[in-house]
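Student: Sharing data.pdb below, PDB, C-alpha atoms and all ligand atoms:
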MODEL        1
ATOM      1  CA  MET A  28     113.029 137.391  46.289
ATOM      2  CA  SER A  29     111.457 135.527  49.218
ATOM      3  CA  ARG A  30     112.866 132.316  50.695
ATOM      4  CA  LEU A  31     109.863 130.466  49.308
ATOM      5  CA  GLU A  32     110.539 131.669  45.772
ATOM      6  CA  LYS A  33     114.286 130.979  46.063
ATOM      7  CA  ARG A  34     113.707 127.492  47.416
ATOM      8  CA  GLN A  35     114.747 124.639  45.150
ATOM      9  CA  VAL A  36     113.213 121.198  45.211
ATOM     10  CA  THR A  37     115.266 119.116  47.651
ATOM     11  CA  LYS A  38     116.809 115.926  46.396
ATOM     12  CA  MET A  39     115.798 113.194  48.857
ATOM     13  CA  VAL A  40     117.892 110.036  49.120
ATOM     14  CA  PRO A  41     117.122 106.683  50.766
ATOM     15  CA  VAL A  42     118.801 105.720  54.065
ATOM     16  CA  PRO A  43     119.148 102.177  55.523
ATOM     17  CA  SER A  44     116.121 102.629  57.817
ATOM     18  CA  HIS A  45     113.795 102.582  54.764
ATOM     19  CA  SER A  46     113.274 106.337  55.031
ATOM     20  CA  ILE A  47     114.481 109.187  52.893
ATOM     21  CA  VAL A  48     116.452 112.244  54.026
ATOM     22  CA  PRO A  49     117.622 115.369  52.179
ATOM     23  CA  GLU A  50     120.815 114.722  50.226
ATOM     24  CA  ARG A  51     122.592 117.468  52.219
ATOM     25  CA  ASP A  52     121.947 115.500  55.464
ATOM     26  CA  VAL A  53     122.889 112.051  54.283
ATOM     27  CA  ASP A  54     126.409 112.086  55.767
ATOM     28  CA  LYS A  55     125.206 113.429  59.110
ATOM     29  CA  ALA A  56     123.636 111.345  61.868
ATOM     30  CA  PRO A  57     119.838 111.692  61.651
ATOM     31  CA  ILE A  58     118.202 113.856  64.284
ATOM     32  CA  LEU A  59     115.295 111.466  64.820
ATOM     33  CA  GLU A  60     114.969 107.732  64.385
ATOM     34  CA  CYS A  61     111.746 105.987  65.380
ATOM     35  CA  SER A  62     111.642 102.188  65.174
ATOM     36  CA  HIS A  63     108.521 100.074  65.541
ATOM     37  CA  LEU A  64     106.979 102.740  67.743
ATOM     38  CA  GLY A  65     103.493 102.043  69.027
ATOM     39  CA  ILE A  66     100.988 102.843  71.734
ATOM     40  CA  ASP A  67      97.749 101.235  72.875
ATOM     41  CA  PHE A  68      95.058 102.939  74.924
ATOM     42  CA  GLY A  69      93.228 100.007  76.459
ATOM     43  CA  GLY A  70      91.950  98.046  73.482
ATOM     44  CA  LEU A  71      92.668 100.845  70.970
ATOM     45  CA  THR A  72      95.949 100.796  69.068
ATOM     46  CA  ALA A  73      96.426 104.498  68.305
ATOM     47  CA  VAL A  74      99.844 104.145  66.629
ATOM     48  CA  ASN A  75     101.521 100.965  65.454
ATOM     49  CA  ASP A  76     104.869 100.068  63.869
ATOM     50  CA  PHE A  77     105.774 103.713  63.254
ATOM     51  CA  ASN A  78     109.202 103.895  61.605
ATOM     52  CA  LEU A  79     110.676 107.208  60.556
ATOM     53  CA  THR A  80     114.062 108.849  60.141
ATOM     54  CA  VAL A  81     114.330 112.643  59.967
ATOM     55  CA  GLY A  82     117.462 114.296  58.568
ATOM     56  CA  ARG A  83     119.382 116.859  60.596
ATOM     57  CA  THR A  84     118.090 119.899  58.705
ATOM     58  CA  GLU A  85     114.986 118.418  57.138
ATOM     59  CA  ILE A  86     111.551 119.990  57.071
ATOM     60  CA  ALA A  87     109.351 116.918  57.482
ATOM     61  CA  GLY A  88     105.577 116.635  57.301
ATOM     62  CA  LEU A  89     103.307 114.244  59.174
ATOM     63  CA  ILE A  90      99.884 114.126  57.593
ATOM     64  CA  GLY A  91      96.777 111.973  57.596
ATOM     65  CA  PRO A  92      93.017 112.154  58.052
ATOM     66  CA  ASN A  93      91.441 113.174  61.377
ATOM     67  CA  GLY A  94      92.157 110.686  64.152
ATOM     68  CA  ALA A  95      95.002 109.027  62.210
ATOM     69  CA  GLY A  96      97.399 109.266  65.169
ATOM     70  CA  LYS A  97      99.508 112.318  64.274
ATOM     71  CA  THR A  98      99.259 114.177  67.574
ATOM     72  CA  THR A  99      99.762 110.880  69.391
ATOM     73  CA  VAL A 100     103.103 110.521  67.571
ATOM     74  CA  PHE A 101     104.100 114.014  68.810
ATOM     75  CA  ASN A 102     102.964 113.046  72.312
ATOM     76  CA  LEU A 103     105.152 109.945  72.113
ATOM     77  CA  LEU A 104     108.166 111.914  70.866
ATOM     78  CA  THR A 105     107.790 114.459  73.678
ATOM     79  CA  LYS A 106     106.990 111.806  76.314
ATOM     80  CA  VAL A 107     103.535 113.104  77.129
ATOM     81  CA  TYR A 108     102.847 109.399  76.559
ATOM     82  CA  GLN A 109     105.343 106.601  77.108
ATOM     83  CA  PRO A 110     105.361 104.202  74.148
ATOM     84  CA  THR A 111     103.907 100.730  74.572
ATOM     85  CA  ARG A 112     106.482  99.469  72.068
ATOM     86  CA  GLY A 113     109.451 100.604  70.016
ATOM     87  CA  THR A 114     112.305 103.070  70.346
ATOM     88  CA  ILE A 115     112.912 106.765  69.767
ATOM     89  CA  LEU A 116     116.456 108.009  69.231
ATOM     90  CA  ILE A 117     116.981 111.742  69.325
ATOM     91  CA  ASP A 118     120.413 112.724  68.057
ATOM     92  CA  GLY A 119     121.429 109.095  68.569
ATOM     93  CA  LYS A 120     120.291 109.029  72.230
ATOM     94  CA  ASP A 121     117.630 106.537  73.297
ATOM     95  CA  THR A 122     114.841 108.479  75.017
ATOM     96  CA  HIS A 123     113.511 105.378  76.819
ATOM     97  CA  GLY A 124     112.479 106.339  80.354
ATOM     98  CA  MET A 125     112.949 110.097  79.777
ATOM     99  CA  ASN A 126     110.208 112.518  80.861
ATOM    100  CA  THR A 127     109.000 115.629  79.003
ATOM    101  CA  VAL A 128     111.650 117.890  80.561
ATOM    102  CA  GLN A 129     114.496 115.484  79.851
ATOM    103  CA  VAL A 130     113.422 114.994  76.268
ATOM    104  CA  ASN A 131     113.304 118.780  75.830
ATOM    105  CA  ARG A 132     116.870 119.013  77.138
ATOM    106  CA  ALA A 133     117.800 116.226  74.734
ATOM    107  CA  GLY A 134     116.695 118.498  71.895
ATOM    108  CA  ILE A 135     112.964 118.239  71.150
ATOM    109  CA  ALA A 136     110.679 121.272  71.464
ATOM    110  CA  ARG A 137     107.084 121.581  70.362
ATOM    111  CA  THR A 138     104.099 123.810  69.875
ATOM    112  CA  PHE A 139     100.510 122.696  70.399
ATOM    113  CA  GLN A 140      97.360 122.515  68.274
ATOM    114  CA  ASN A 141      95.716 124.936  70.725
ATOM    115  CA  ILE A 142      97.915 127.867  71.697
ATOM    116  CA  ARG A 143      99.383 127.398  75.180
ATOM    117  CA  LEU A 144     101.025 130.654  76.202
ATOM    118  CA  PHE A 145     101.239 132.250  79.629
ATOM    119  CA  ASP A 146      98.541 134.783  78.720
ATOM    120  CA  LYS A 147      99.063 137.112  81.663
ATOM    121  CA  LEU A 148     102.850 137.307  81.272
ATOM    122  CA  SER A 149     104.641 139.611  78.868
ATOM    123  CA  VAL A 150     105.854 138.432  75.492
ATOM    124  CA  GLU A 151     109.464 138.705  76.728
ATOM    125  CA  ASP A 152     108.739 136.647  79.856
ATOM    126  CA  ASN A 153     107.144 133.924  77.760
ATOM    127  CA  VAL A 154     110.371 133.670  75.763
ATOM    128  CA  LYS A 155     112.490 133.775  78.941
ATOM    129  CA  ILE A 156     110.593 130.738  80.230
ATOM    130  CA  GLY A 157     111.811 128.913  77.137
ATOM    131  CA  LEU A 158     115.373 130.054  77.857
ATOM    132  CA  HIS A 159     115.185 128.755  81.404
ATOM    133  CA  ASN A 160     116.817 125.382  80.649
ATOM    134  CA  GLN A 161     119.957 127.128  79.399
ATOM    135  CA  ILE A 162     120.288 130.247  81.548
ATOM    136  CA  ARG A 163     120.239 129.129  85.172
ATOM    137  CA  TYR A 164     121.349 130.518  88.479
ATOM    138  CA  PRO A 165     121.177 129.124  92.031
ATOM    139  CA  MET A 166     117.958 129.986  93.880
ATOM    140  CA  TRP A 167     119.742 132.003  96.592
ATOM    141  CA  SER A 168     121.396 134.119  93.880
ATOM    142  CA  GLY A 169     117.897 135.144  92.711
ATOM    143  CA  VAL A 170     116.434 135.583  96.201
ATOM    144  CA  PHE A 171     119.266 137.923  97.293
ATOM    145  CA  ARG A 172     119.598 139.571  93.865
ATOM    146  CA  MET A 173     123.325 138.794  93.734
ATOM    147  CA  PRO A 174     125.588 139.944  90.838
ATOM    148  CA  GLY A 175     125.389 136.490  89.214
ATOM    149  CA  TYR A 176     121.603 136.856  89.063
ATOM    150  CA  TRP A 177     121.754 140.244  87.291
ATOM    151  CA  LYS A 178     124.321 138.936  84.826
ATOM    152  CA  LYS A 179     122.092 135.961  83.904
ATOM    153  CA  GLU A 180     119.023 138.225  83.761
ATOM    154  CA  LYS A 181     120.812 140.537  81.317
ATOM    155  CA  LEU A 182     121.827 137.571  79.207
ATOM    156  CA  ALA A 183     118.247 136.229  79.230
ATOM    157  CA  HIS A 184     116.902 139.660  78.210
ATOM    158  CA  GLU A 185     119.404 139.972  75.350
ATOM    159  CA  SER A 186     118.764 136.431  74.095
ATOM    160  CA  ALA A 187     114.975 136.906  74.277
ATOM    161  CA  MET A 188     115.175 140.207  72.375
ATOM    162  CA  GLU A 189     117.439 138.665  69.743
ATOM    163  CA  LEU A 190     114.940 135.868  69.122
ATOM    164  CA  LEU A 191     111.993 138.281  69.074
ATOM    165  CA  HIS A 192     113.876 140.517  66.647
ATOM    166  CA  LEU A 193     114.268 137.610  64.214
ATOM    167  CA  PHE A 194     110.484 137.381  64.025
ATOM    168  CA  ASP A 195     109.820 141.130  63.982
ATOM    169  CA  MET A 196     108.336 140.966  67.467
ATOM    170  CA  GLU A 197     110.797 142.997  69.536
ATOM    171  CA  GLY A 198     108.350 145.910  69.569
ATOM    172  CA  LEU A 199     105.845 143.640  71.339
ATOM    173  CA  ALA A 200     108.214 142.508  74.113
ATOM    174  CA  ASN A 201     106.312 144.311  76.889
ATOM    175  CA  HIS A 202     102.817 143.426  75.673
ATOM    176  CA  GLN A 203     100.784 140.864  77.524
ATOM    177  CA  ALA A 204     100.959 137.626  75.515
ATOM    178  CA  GLY A 205      97.189 137.096  75.732
ATOM    179  CA  SER A 206      96.528 140.508  74.157
ATOM    180  CA  LEU A 207      98.366 139.748  70.903
ATOM    181  CA  PRO A 208      96.481 139.060  67.670
ATOM    182  CA  TYR A 209      96.073 135.366  66.881
ATOM    183  CA  GLY A 210      98.868 135.140  64.273
ATOM    184  CA  ALA A 211     101.354 136.844  66.630
ATOM    185  CA  GLN A 212     100.432 134.457  69.468
ATOM    186  CA  ARG A 213     101.179 131.516  67.186
ATOM    187  CA  ARG A 214     104.529 133.104  66.262
ATOM    188  CA  LEU A 215     105.328 133.652  69.936
ATOM    189  CA  GLU A 216     104.675 129.988  70.684
ATOM    190  CA  ILE A 217     107.234 129.069  68.042
ATOM    191  CA  VAL A 218     109.743 131.615  69.415
ATOM    192  CA  ARG A 219     109.296 130.243  72.938
ATOM    193  CA  ALA A 220     109.873 126.673  71.694
ATOM    194  CA  LEU A 221     112.970 127.852  69.815
ATOM    195  CA  ALA A 222     114.292 129.479  72.990
ATOM    196  CA  THR A 223     114.827 125.999  74.445
ATOM    197  CA  ASN A 224     117.502 125.550  71.761
ATOM    198  CA  PRO A 225     116.060 122.437  70.119
ATOM    199  CA  SER A 226     117.597 120.339  67.371
ATOM    200  CA  LEU A 227     114.134 119.160  66.380
ATOM    201  CA  LEU A 228     111.155 121.507  66.460
ATOM    202  CA  LEU A 229     107.696 119.912  66.329
ATOM    203  CA  LEU A 230     104.849 122.123  65.118
ATOM    204  CA  ASP A 231     101.317 120.795  65.635
ATOM    205  CA  GLU A 232      99.006 122.428  63.067
ATOM    206  CA  PRO A 233     100.898 125.737  63.024
ATOM    207  CA  ALA A 234      98.612 127.218  60.339
ATOM    208  CA  ALA A 235      95.332 126.346  62.089
ATOM    209  CA  GLY A 236      93.044 129.387  62.088
ATOM    210  CA  MET A 237      95.365 131.480  59.917
ATOM    211  CA  ASN A 238      94.308 133.397  56.829
ATOM    212  CA  PRO A 239      96.222 132.826  53.549
ATOM    213  CA  SER A 240      98.543 135.801  54.073
ATOM    214  CA  GLU A 241      99.389 134.707  57.647
ATOM    215  CA  THR A 242     100.014 131.179  56.337
ATOM    216  CA  ALA A 243     102.355 132.525  53.650
ATOM    217  CA  ASP A 244     104.300 134.431  56.358
ATOM    218  CA  LEU A 245     104.407 131.286  58.467
ATOM    219  CA  MET A 246     105.887 129.294  55.589
ATOM    220  CA  GLU A 247     108.594 131.949  55.175
ATOM    221  CA  ASN A 248     109.266 131.819  58.910
ATOM    222  CA  ILE A 249     109.575 128.039  58.980
ATOM    223  CA  LEU A 250     112.154 128.186  56.189
ATOM    224  CA  LYS A 251     113.924 131.034  57.979
ATOM    225  CA  ILE A 252     114.110 129.017  61.216
ATOM    226  CA  ARG A 253     115.598 126.023  59.430
ATOM    227  CA  ASP A 254     118.113 128.164  57.528
ATOM    228  CA  THR A 255     119.115 130.288  60.538
ATOM    229  CA  PHE A 256     119.341 127.591  63.207
ATOM    230  CA  GLN A 257     120.150 124.619  60.961
ATOM    231  CA  ILE A 258     117.695 122.417  62.834
ATOM    232  CA  ALA A 259     115.077 119.912  61.746
ATOM    233  CA  ILE A 260     111.385 120.768  61.796
ATOM    234  CA  MET A 261     108.557 118.264  61.741
ATOM    235  CA  LEU A 262     105.048 119.533  61.312
ATOM    236  CA  ILE A 263     101.512 118.217  61.428
ATOM    237  CA  GLU A 264      99.285 120.212  59.136
ATOM    238  CA  HIS A 265      95.989 119.901  57.286
ATOM    239  CA  ASP A 266      96.797 122.839  54.950
ATOM    240  CA  MET A 267      98.154 120.966  51.949
ATOM    241  CA  ASN A 268      99.517 124.117  50.277
ATOM    242  CA  LEU A 269     101.790 124.579  53.264
ATOM    243  CA  VAL A 270     102.773 120.907  53.466
ATOM    244  CA  MET A 271     103.463 120.507  49.758
ATOM    245  CA  GLY A 272     105.082 123.963  49.604
ATOM    246  CA  ILE A 273     107.783 123.513  52.260
ATOM    247  CA  CYS A 274     108.048 119.903  53.442
ATOM    248  CA  GLU A 275     110.862 117.867  51.945
ATOM    249  CA  GLY A 276     109.893 114.421  53.236
ATOM    250  CA  ILE A 277     106.305 113.522  54.102
ATOM    251  CA  CYS A 278     104.998 110.627  56.159
ATOM    252  CA  VAL A 279     101.319 109.696  55.891
ATOM    253  CA  LEU A 280      99.430 108.010  58.708
ATOM    254  CA  ASN A 281      96.050 106.327  58.508
ATOM    255  CA  PHE A 282      94.462 104.464  61.419
ATOM    256  CA  GLY A 283      97.782 104.665  63.295
ATOM    257  CA  GLN A 284      99.797 103.031  60.504
ATOM    258  CA  VAL A 285     102.267 104.600  58.084
ATOM    259  CA  ILE A 286     100.748 104.146  54.647
ATOM    260  CA  ALA A 287     103.282 106.172  52.648
ATOM    261  CA  LYS A 288     106.563 108.066  52.887
ATOM    262  CA  GLY A 289     108.014 110.199  50.147
ATOM    263  CA  THR A 290     108.579 113.565  48.548
ATOM    264  CA  PRO A 291     105.621 115.936  48.082
ATOM    265  CA  GLU A 292     105.318 114.830  44.483
ATOM    266  CA  GLU A 293     105.334 111.123  45.363
ATOM    267  CA  ILE A 294     102.785 111.615  48.117
ATOM    268  CA  GLN A 295     100.404 113.592  45.921
ATOM    269  CA  ASN A 296     100.435 110.794  43.362
ATOM    270  CA  ASN A 297     100.246 107.871  45.799
ATOM    271  CA  PRO A 298      96.948 105.940  45.307
ATOM    272  CA  ARG A 299      96.869 104.788  48.991
ATOM    273  CA  VAL A 300      97.132 108.388  50.150
ATOM    274  CA  ILE A 301      94.479 109.583  47.730
ATOM    275  CA  GLU A 302      92.173 106.771  48.861
ATOM    276  CA  ALA A 303      92.776 107.539  52.567
ATOM    277  CA  TYR A 304      91.844 111.188  52.057
ATOM    278  CA  LEU A 305      88.952 110.540  49.685
ATOM    279  CA  GLY A 306      87.697 107.777  51.977
ATOM    280  CA  SER A 307      87.654 110.136  54.933
ATOM    281  CA  GLN A 308      85.846 112.761  52.849
ATOM    282  CA  LYS A 309      83.206 110.211  51.841
ATOM    283  CA  LYS A 310      82.655 109.395  55.533
ATOM    284  CA  GLU A 311      82.393 113.072  56.452
ATOM    285  CA  GLY A 312      80.009 113.754  53.573
TER     286      GLY A 312
HETATM  287  N1  LIG B   1      94.805 109.642  75.826
HETATM  288  C1  LIG B   1      94.070 108.935  74.964
HETATM  289  N2  LIG B   1      93.228 107.959  75.391
HETATM  290  C2  LIG B   1      92.486 107.241  74.527
HETATM  291  N3  LIG B   1      92.513 107.394  73.182
HETATM  292  C3  LIG B   1      93.340 108.340  72.699
HETATM  293  C4  LIG B   1      94.151 109.169  73.551
HETATM  294  N4  LIG B   1      94.874 110.040  72.760
HETATM  295  C5  LIG B   1      94.510 109.761  71.491
HETATM  296  N5  LIG B   1      93.602 108.753  71.456
HETATM  297  C6  LIG B   1      92.971 108.171  70.258
HETATM  298  O1  LIG B   1      94.006 107.885  69.335
HETATM  299  C7  LIG B   1      93.566 108.116  68.001
HETATM  300  C8  LIG B   1      94.500 109.079  67.303
HETATM  301  O2  LIG B   1      94.274 110.407  67.821
HETATM  302  P1  LIG B   1      95.185 111.653  67.427
HETATM  303  O3  LIG B   1      94.695 112.824  68.206
HETATM  304  O4  LIG B   1      96.606 111.284  67.547
HETATM  305  O5  LIG B   1      94.826 111.839  65.883
HETATM  306  P2  LIG B   1      95.253 113.009  64.886
HETATM  307  O6  LIG B   1      95.745 112.340  63.645
HETATM  308  O7  LIG B   1      96.168 113.933  65.562
HETATM  309  O8  LIG B   1      93.849 113.696  64.603
HETATM  310  P3  LIG B   1      93.472 115.235  64.231
HETATM  311  O9  LIG B   1      93.964 115.477  62.843
HETATM  312  O10 LIG B   1      91.965 115.200  64.288
HETATM  313  O11 LIG B   1      94.090 116.112  65.274
HETATM  314  C9  LIG B   1      92.132 108.602  68.101
HETATM  315  O12 LIG B   1      91.279 107.515  67.925
HETATM  316  C10 LIG B   1      92.051 109.144  69.513
HETATM  317  O13 LIG B   1      90.740 109.086  70.005
ENDMDL
END
What is this file in structure tokens?
Ligand SMILES: Nc1ncnc2c1ncn2[C@@H]1O[C@H](COP(=O)(O)OP(=O)(O)OP(=O)(O)O)[C@@H](O)[C@H]1O
Tutor:
Amino acid sequence: MSRLEKRQVTKMVPVPSHSIVPERDVDKAPILECSHLGIDFGGLTAVNDFNLTVGRTEIAGLIGPNGAGKTTVFNLLTKVYQPTRGTILIDGKDTHGMNTVQVNRAGIARTFQNIRLFDKLSVEDNVKIGLHNQIRYPMWSGVFRMPGYWKKEKLAHESAMELLHLFDMEGLANHQAGSLPYGAQRRLEIVRALATNPSLLLLDEPAAGMNPSETADLMENILKIRDTFQIAIMLIEHDMNLVMGICEGICVLNFGQVIAKGTPEEIQNNPRVIEAYLGSQKKEG
């Protein structure tokens, strides 16, 4: 039986920050706490008063119509943008003043809406780049090919192959990343993000451009990642089958504001959410 079929509906419980987290995480410190987060671009408020707590092993969804501010939230969490207001705690640490590299070391890794791999490098080298923040050696050790360098290189190779193996990609290790089929490139992006050893993995539209069978595999893989690494995953996705199928807590944005938070069932029945989506469809039509 697949992980998806075995999966039971998660009991979500309220926490003091007016969010909900999976019952299994309630006694653990949350992995992410955003308070009154906001950003303005000139006169445009793209995100305002964004409050969210994500449990330590939660699969969380961030949804909303086009232009609602979802990717901006990811850019704030990963410090592509510095917030105009509010705080972000990752594993209890305030990320104020951190840059993208520091926030990655603090535990946040992400993938992008548009695939961003090193196309000309091999699959294995793409993963090794992700491992770089953990497996380090002094520059001179690399330049002179000293024993310490070979030891770290061996370790990097083994760790990369182990990660690739988990996603049935070890046979592709020597292929050029840019030559892989679309679905495999998306998987590689996730593997490379995982190689940075995150406690929170952000996936920006991971199912974009996938066919239904690739999306079903992706859902299995997301559950597998959470179960294997015991980390939290937050995803932005327009594919509602994926969101409602695997997310435990869902946060809905509209015009930069949170309009609803809840379980998949609560969100599907929330009149404000239905109106936000129907409203955007009316505009498109
Ligand atoms: N760097 C920027 N400068 C100015 N405006 C920006 C910038 N980044 C985002 N915005 C604006 O912020 C708003 C939210 O955009 P964002 O990309 O976060 O939405 P989204 O919910 O991710 O949309 P989609 O589902 O279409 O990807 C939009 O009005 C967008 O034009």
Student: Written as a list in words, what is the full residue list that the PyMOL selection byres (((chain A and resi 112) around 12) and not hetatm) yields on the file shown?
Tutor: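 On the file shown, the PyMOL selection byres (((chain A and resi 112) around 12) and not hetatm) covers Cys61, Ser62, His63, Leu64, Gly65, Ile66, Asp67, Thr72, Ala73, Val74, Asn75, Asp76, Phe77, Asn78, Leu103, Tyr108, Gln109, Pro110, Thr111, Gly113, Thr114, Ile115 and His123 of chain A.
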Student: Any idea what the distance is between atom CA of Lys155 of chain A and atom CA of Ser206 of chain A?
Tutor: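 Answer for the atom CA of Lys155 of chain A to atom CA of Ser206 of chain A separation: 18.0 Å.
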Student: Give me, as a PDB file with C-alpha atoms, in the frame of the given file, the set of residues whose atoms come within 7 Å of any atom of ligand LIG 1 (chain B), counting only C-alpha atoms and all ligand atoms.
Tutor:
ATOM      1  CA  PHE A  68      95.058 102.939  74.924  1.00  0.00           C
ATOM      2  CA  LEU A  71      92.668 100.845  70.970  1.00  0.00           C
ATOM      3  CA  ALA A  73      96.426 104.498  68.305  1.00  0.00           C
ATOM      4  CA  GLY A  91      96.777 111.973  57.596  1.00  0.00           C
ATOM      5  CA  PRO A  92      93.017 112.154  58.052  1.00  0.00           C
ATOM      6  CA  ASN A  93      91.441 113.174  61.377  1.00  0.00           C
ATOM      7  CA  GLY A  94      92.157 110.686  64.152  1.00  0.00           C
ATOM      8  CA  ALA A  95      95.002 109.027  62.210  1.00  0.00           C
ATOM      9  CA  GLY A  96      97.399 109.266  65.169  1.00  0.00           C
ATOM     10  CA  LYS A  97      99.508 112.318  64.274  1.00  0.00           C
ATOM     11  CA  THR A  98      99.259 114.177  67.574  1.00  0.00           C
ATOM     12  CA  THR A  99      99.762 110.880  69.391  1.00  0.00           C
ATOM     13  CA  VAL A 100     103.103 110.521  67.571  1.00  0.00           C
ATOM     14  CA  GLY A 283      97.782 104.665  63.295  1.00  0.00           C
TER      15      GLY A 283
END
Student: Calculate how many Å separate atom CA of Met271 of chain A from atom CA of Glu247 of chain A, rounding to one decimal.
Tutor: 13.7 Å
Student: Which polymer residues, protein or nucleic acid, are no farther than 12 Å from (98.5, 136.5, 74.3), counting all atoms listed in the file, as an mmCIF file with C-alpha atoms, in the frame of the given file?
Tutor:
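Contents of result_9.cif, as written:
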data_model
loop_
_atom_site.group_PDB
_atom_site.id
_atom_site.type_symbol
_atom_site.label_atom_id
_atom_site.label_comp_id
_atom_site.auth_asym_id
_atom_site.auth_seq_id
_atom_site.Cartn_x
_atom_site.Cartn_y
_atom_site.Cartn_z
ATOM 1 C CA ILE A 142 97.915 127.867 71.697
ATOM 2 C CA ARG A 143 99.383 127.398 75.180
ATOM 3 C CA LEU A 144 101.025 130.654 76.202
ATOM 4 C CA PHE A 145 101.239 132.250 79.629
ATOM 5 C CA ASP A 146 98.541 134.783 78.720
ATOM 6 C CA LYS A 147 99.063 137.112 81.663
ATOM 7 C CA LEU A 148 102.850 137.307 81.272
ATOM 8 C CA SER A 149 104.641 139.611 78.868
ATOM 9 C CA VAL A 150 105.854 138.432 75.492
ATOM 10 C CA GLU A 151 109.464 138.705 76.728
ATOM 11 C CA ASP A 152 108.739 136.647 79.856
ATOM 12 C CA ASN A 153 107.144 133.924 77.760
ATOM 13 C CA LEU A 199 105.845 143.640 71.339
ATOM 14 C CA ALA A 200 108.214 142.508 74.113
ATOM 15 C CA ASN A 201 106.312 144.311 76.889
ATOM 16 C CA HIS A 202 102.817 143.426 75.673
ATOM 17 C CA GLN A 203 100.784 140.864 77.524
ATOM 18 C CA ALA A 204 100.959 137.626 75.515
ATOM 19 C CA GLY A 205 97.189 137.096 75.732
ATOM 20 C CA SER A 206 96.528 140.508 74.157
ATOM 21 C CA LEU A 207 98.366 139.748 70.903
ATOM 22 C CA PRO A 208 96.481 139.060 67.670
ATOM 23 C CA TYR A 209 96.073 135.366 66.881
ATOM 24 C CA GLY A 210 98.868 135.140 64.273
ATOM 25 C CA ALA A 211 101.354 136.844 66.630
ATOM 26 C CA GLN A 212 100.432 134.457 69.468
ATOM 27 C CA ARG A 213 101.179 131.516 67.186
ATOM 28 C CA ARG A 214 104.529 133.104 66.262
ATOM 29 C CA LEU A 215 105.328 133.652 69.936
ATOM 30 C CA GLU A 216 104.675 129.988 70.684
#
